Amino acid sequence: MSVQSEDQGNRIVTTPDGRRLEFRLTGPPGGLPVVFHHGAPGAAVPFGPLERAAADRGLRVLTVSRPGYGTSDPLPEQKAPGTVADATADILSVLDELGAADFLALGWSSGAPRALACAALLPDRCRASASLAGYAPPRVEELDPVAGMDEDSSAEFTAAREGRQTLETYLEERVEVLRAAASAPGGEVVDLLRAMLPPVDQTVMTGDFAAYVLDAAGHSLRQGVVGWRDDALAVVAPWGFDVGRIVVPTRIWHGREDRTVPVAHGEWLAAHVPGAGAHLLESEGHLSIVARLDRVLDDLVDAAG
């Protein structure tokens, strides 16, 4: 089935505190919005696999560039890095601008805690949520968050826990490596990224998905690493809500071959989010699980009733 989809491109809304927020809306007019919380670094750019899967189900996709990403203003210095919970106020600013009441929340990687925040803090409007390869809350006793992480992911997570300056230095060094790879004769950033991935994720780093990853990273870094930095700092600090109080139907999707956010995070969420439906897949990784978007959306719609 194919449903006519409208791409309204990127637009700007001004928040009550005067910040400019960039957002992207696609899909059939009048469709229920799926608020997609992107990973890090990330931003509101075309995401063909998700947008097509959503349109085929009569859904719209709304993506908001979090503060400091793309053309969204960073948080003021006195408020940075903010909390995961703060994302809900920004989402409401866009939904209200669009005149949308109810929505579904879908978050991938560091965007997944923001989807859970919508479920916890906006139960009157969020009809269902899904965490896709997402983190567990910080410093829970039952979980070593870096056990099973690859070297780069562990280094970033550890730098974030050490503080703003350490993380900022680390991220700037990573960006320089990628820029050097892109500018080298015959340099292929995709090849560099693919070489850093486990085999299960290497297979999906092609075509539309590879284009999305590169576009999202490139657009997200227009203002430097400020968005990425604050994003990561918020994930490792108290989130501002209790996942144990979520009453909205919630689904936890995680691959057991994930080396970016190990499956122990998904297992913890499945055990501690009340009534959560768990899909812990044996042969999926951090990226390959995104190939399951058809199933994820069907499950999310079913959860919403």
# chains A, B, ... in the order shown; residues from 1 in each chain; ligands from 1
$ select_by_dssp --residues "segment 107-205 of chain A" --states "strand (DSSP E)" --output "ChimeraX atom specification"
/A:107-108,126-132
$ select_by_dssp --residues "segment 65-212 of chain A" --states "helix (DSSP H, G or I)" --output "VMD selection string"
chain A and resid 84 to 98 109 to 121 151 to 162 164 to 183 189 to 195 199 to 202 207 to 212
$ residues_around --residues "segment 291-299 of chain A" --least-positions-apart "5" --cutoff "12 Å" --atoms "only C-alpha atoms" --output "NGL selection string"
:A and (33-36 or 47-61 or 104-108 or 128-133 or 200-201 or 203-206 or 208-209 or 249-255 or 276-279 or 281 or 283-286 or 304-305)
$ residues_around --residues "Met196 of chain A" --least-positions-apart "4" --cutoff "9 Å" --atoms "only C-alpha atoms" --output "VMD selection string"
chain A and resid 150 152 191 to 192 202
$ closest_residue --among "A:Val45, A:Leu75, A:Val243, A:Val248" --to "Ala271 of chain A" --atoms "only C-alpha atoms"
A:Val243
$ atom_distance --atom1 "atom CA of Leu233 of chain A" --atom2 "atom CA of Glu141 of chain A"
19.5 Å
$ closest_residue --among "A:Gly240, A:Gly42, A:Pro262, A:Pro123" --to "Phe103 of chain A" --atoms "only C-alpha atoms"
A:Pro123
$ closest_residue --among "A:Ser93, A:Gln78, A:Gln223, A:Thr158" --to "Pro41 of chain A" --atoms "only C-alpha atoms"
A:Gln223
$ atom_distance --atom1 "atom CA of Gly148 of chain A" --atom2 "atom CA of Val235 of chain A"
18.1 Å
$ closest_residue --among "A:Asp124, A:Glu156, A:Asp242, A:Glu97" --to "Val273 of chain A" --atoms "only C-alpha atoms"
A:Asp242
$ closest_residue --among "A:Ala211, A:Met149, A:Ile246, A:Cys118" --to "Tyr135 of chain A" --atoms "only C-alpha atoms"
A:Met149
$ residues_around --residues "Gly224 of chain A" --least-positions-apart "5" --cutoff "12 Å" --atoms "only C-alpha atoms" --output "number ranges by chain"
A: 41, 68-71, 74, 168-169, 171-176, 217-219, 229-230
$ write_last_selection --atoms "C-alpha atoms" --output "mmCIF file, in the first residue's frame"
data_model
loop_
_atom_site.group_PDB
_atom_site.id
_atom_site.type_symbol
_atom_site.label_atom_id
_atom_site.label_comp_id
_atom_site.auth_asym_id
_atom_site.auth_seq_id
_atom_site.Cartn_x
_atom_site.Cartn_y
_atom_site.Cartn_z
ATOM 1 C CA PRO A 41 24.690 13.569 16.668
ATOM 2 C CA GLY A 68 22.268 23.221 19.386
ATOM 3 C CA TYR A 69 21.679 20.816 16.485
ATOM 4 C CA GLY A 70 21.037 21.977 12.938
ATOM 5 C CA THR A 71 19.556 25.462 13.112
ATOM 6 C CA PRO A 74 21.422 26.101 21.781
ATOM 7 C CA GLU A 168 33.796 18.692 24.478
ATOM 8 C CA THR A 169 37.486 17.974 23.847
ATOM 9 C CA LEU A 171 33.922 15.229 20.578
ATOM 10 C CA GLU A 172 35.983 17.869 18.801
ATOM 11 C CA GLU A 173 38.745 15.308 18.274
ATOM 12 C CA ARG A 174 36.233 12.830 16.814
ATOM 13 C CA VAL A 175 34.870 15.451 14.438
ATOM 14 C CA GLU A 176 38.380 16.277 13.244
ATOM 15 C CA ALA A 217 25.587 14.138 11.312
ATOM 16 C CA GLY A 218 26.562 16.872 8.866
ATOM 17 C CA HIS A 219 23.520 19.048 9.552
ATOM 18 C CA ARG A 229 27.822 17.833 23.935
ATOM 19 C CA ASP A 230 24.666 18.931 25.744
#
$ residues_around --residues "Val94 of chain A" --least-positions-apart "4" --cutoff "8 Å" --atoms "only C-alpha atoms" --output "list in words"
Val13, Phe23, Asp90 and Leu98 of chain A
$ write_last_selection --atoms "N, CA, C and O atoms" --output "compact mmCIF listing (two decimals), in the first residue's frame"
# COMPACT_ATOMS: atom_id res chain seq x y z
N VAL A 13 9.93 27.10 14.65
CA VAL A 13 8.96 27.59 15.61
C VAL A 13 9.74 28.25 16.74
O VAL A 13 10.89 27.85 17.03
N PHE A 23 12.23 22.10 12.84
CA PHE A 23 11.54 20.82 12.78
C PHE A 23 11.21 20.46 11.33
O PHE A 23 11.18 21.31 10.45
N ASP A 90 9.78 21.34 24.39
CA ASP A 90 10.05 21.71 23.00
C ASP A 90 9.11 20.98 22.04
O ASP A 90 8.62 21.55 21.07
N LEU A 98 1.43 23.15 15.27
CA LEU A 98 0.80 22.38 14.19
C LEU A 98 -0.67 22.08 14.46
O LEU A 98 -1.37 21.55 13.60
$ closest_residue --among "A:Arg24, A:Pro238, A:Arg11, A:Ala40" --to "Leu214 of chain A" --atoms "only C-alpha atoms"
A:Ala40
